[in-house]
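Have a look at the structure below before the remarks.
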Amino acid sequence: MKTDLSTFIIHQLARIAIIMSVPTSLTKQLLQLHHPDQKISNEAVELSSEFLKLLIQEARRRAAIEVCLWCYYFVLP
């Protein structure tokens, strides 16, 4: 029974978590916080946006696992 609920929660969170691209304007602003006087190429901004997207995906995946474990050990008993 516990495994079924955990699987259900994972599928629901995966369905809800829509992975959107990080706007390049936001990425450029983030990069300029650390390097305000440096010119940043468009390619570097695009690659950084992709990296941020992967970082967000991984954070969401880990959060979903944590929620499932929390439910399994604390909510269901």
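Going by the structure tokens order, chains are called A, B, ..., each with residues numbered from 1, while ligands are numbered from 1 in the order shown.
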Might you pull out every residue within 12 Å of Ser25 in chain A, with only C-alpha atoms counted and same-chain residues fewer than 5 positions away left off, and present them as a PDB file with N, CA, C and O atoms, in the first residue's frame?
ATOM      1  N   LEU A  30      21.941  37.400 -13.912  1.00  0.00           N
ATOM      2  CA  LEU A  30      22.606  36.603 -12.879  1.00  0.00           C
ATOM      3  C   LEU A  30      24.113  36.555 -13.095  1.00  0.00           C
ATOM      4  O   LEU A  30      24.892  36.679 -12.144  1.00  0.00           O
ATOM      5  N   LEU A  31      24.524  36.381 -14.347  1.00  0.00           N
ATOM      6  CA  LEU A  31      25.956  36.349 -14.644  1.00  0.00           C
ATOM      7  C   LEU A  31      26.610  37.699 -14.370  1.00  0.00           C
ATOM      8  O   LEU A  31      27.745  37.773 -13.889  1.00  0.00           O
ATOM      9  N   GLN A  32      25.903  38.775 -14.645  1.00  0.00           N
ATOM     10  CA  GLN A  32      26.472  40.103 -14.427  1.00  0.00           C
ATOM     11  C   GLN A  32      26.557  40.472 -12.951  1.00  0.00           C
ATOM     12  O   GLN A  32      27.291  41.384 -12.594  1.00  0.00           O
ATOM     13  N   ILE A  40      29.592  39.472 -21.852  1.00  0.00           N
ATOM     14  CA  ILE A  40      29.218  38.059 -21.855  1.00  0.00           C
ATOM     15  C   ILE A  40      28.604  37.753 -23.210  1.00  0.00           C
ATOM     16  O   ILE A  40      27.645  38.395 -23.632  1.00  0.00           O
ATOM     17  N   ASN A  42      26.544  35.853 -26.236  1.00  0.00           N
ATOM     18  CA  ASN A  42      25.204  35.250 -26.300  1.00  0.00           C
ATOM     19  C   ASN A  42      25.269  33.738 -26.121  1.00  0.00           C
ATOM     20  O   ASN A  42      24.374  33.132 -25.516  1.00  0.00           O
ATOM     21  N   VAL A  45      25.556  32.898 -22.487  1.00  0.00           N
ATOM     22  CA  VAL A  45      24.272  33.098 -21.814  1.00  0.00           C
ATOM     23  C   VAL A  45      23.337  31.929 -22.111  1.00  0.00           C
ATOM     24  O   VAL A  45      22.668  31.412 -21.210  1.00  0.00           O
ATOM     25  N   GLU A  46      23.303  31.472 -23.358  1.00  0.00           N
ATOM     26  CA  GLU A  46      22.437  30.346 -23.725  1.00  0.00           C
ATOM     27  C   GLU A  46      22.863  29.060 -23.022  1.00  0.00           C
ATOM     28  O   GLU A  46      22.020  28.305 -22.520  1.00  0.00           O
ATOM     29  N   SER A  48      24.524  28.862 -20.221  1.00  0.00           N
ATOM     30  CA  SER A  48      24.228  29.031 -18.797  1.00  0.00           C
ATOM     31  C   SER A  48      22.742  28.819 -18.526  1.00  0.00           C
ATOM     32  O   SER A  48      22.367  28.250 -17.496  1.00  0.00           O
ATOM     33  N   SER A  49      21.883  29.262 -19.442  1.00  0.00           N
ATOM     34  CA  SER A  49      20.441  29.038 -19.299  1.00  0.00           C
ATOM     35  C   SER A  49      20.122  27.555 -19.310  1.00  0.00           C
ATOM     36  O   SER A  49      19.289  27.084 -18.521  1.00  0.00           O
TER      37      SER A  49
END
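Neighbours of Leu52 in chain A closer than or equal to 12 Å, with only C-alpha atoms counted and sequence neighbours fewer than 5 positions away skipped, come out as A:Ile19, A:Met20, A:Ser21, A:Val22, A:Pro23, A:Thr24, A:Leu26, A:Thr27, A:Lys28, A:Leu30, A:Leu31, A:Val45, A:Glu46, A:Leu47, A:Gln57, A:Glu58, A:Ala59.
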Could you write out the selected residues, including C-alpha atoms, as a PDB file, in the first residue's frame?
ATOM      1  CA  ILE A  19      10.145  22.280 -17.054  1.00  0.00           C
ATOM      2  CA  MET A  20      10.373  25.680 -18.647  1.00  0.00           C
ATOM      3  CA  SER A  21      13.421  27.289 -20.133  1.00  0.00           C
ATOM      4  CA  VAL A  22      15.164  29.959 -18.115  1.00  0.00           C
ATOM      5  CA  PRO A  23      14.883  33.339 -19.871  1.00  0.00           C
ATOM      6  CA  THR A  24      18.216  34.457 -21.270  1.00  0.00           C
ATOM      7  CA  LEU A  26      17.455  36.595 -16.397  1.00  0.00           C
ATOM      8  CA  THR A  27      20.527  34.444 -16.941  1.00  0.00           C
ATOM      9  CA  LYS A  28      22.485  37.432 -18.221  1.00  0.00           C
ATOM     10  CA  LEU A  30      22.606  36.603 -12.879  1.00  0.00           C
ATOM     11  CA  LEU A  31      25.956  36.349 -14.644  1.00  0.00           C
ATOM     12  CA  VAL A  45      24.272  33.098 -21.814  1.00  0.00           C
ATOM     13  CA  GLU A  46      22.437  30.346 -23.725  1.00  0.00           C
ATOM     14  CA  LEU A  47      24.666  27.626 -22.292  1.00  0.00           C
ATOM     15  CA  GLN A  57      15.090  19.798 -13.079  1.00  0.00           C
ATOM     16  CA  GLU A  58      17.402  18.061 -10.613  1.00  0.00           C
ATOM     17  CA  ALA A  59      16.117  20.150  -7.693  1.00  0.00           C
TER      18      ALA A  59
END
Atomic distance CA of Ala63 in chain A - CA of Val75 in chain A, expressed in Å with one decimal: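 So the answer is 16.5 Å.
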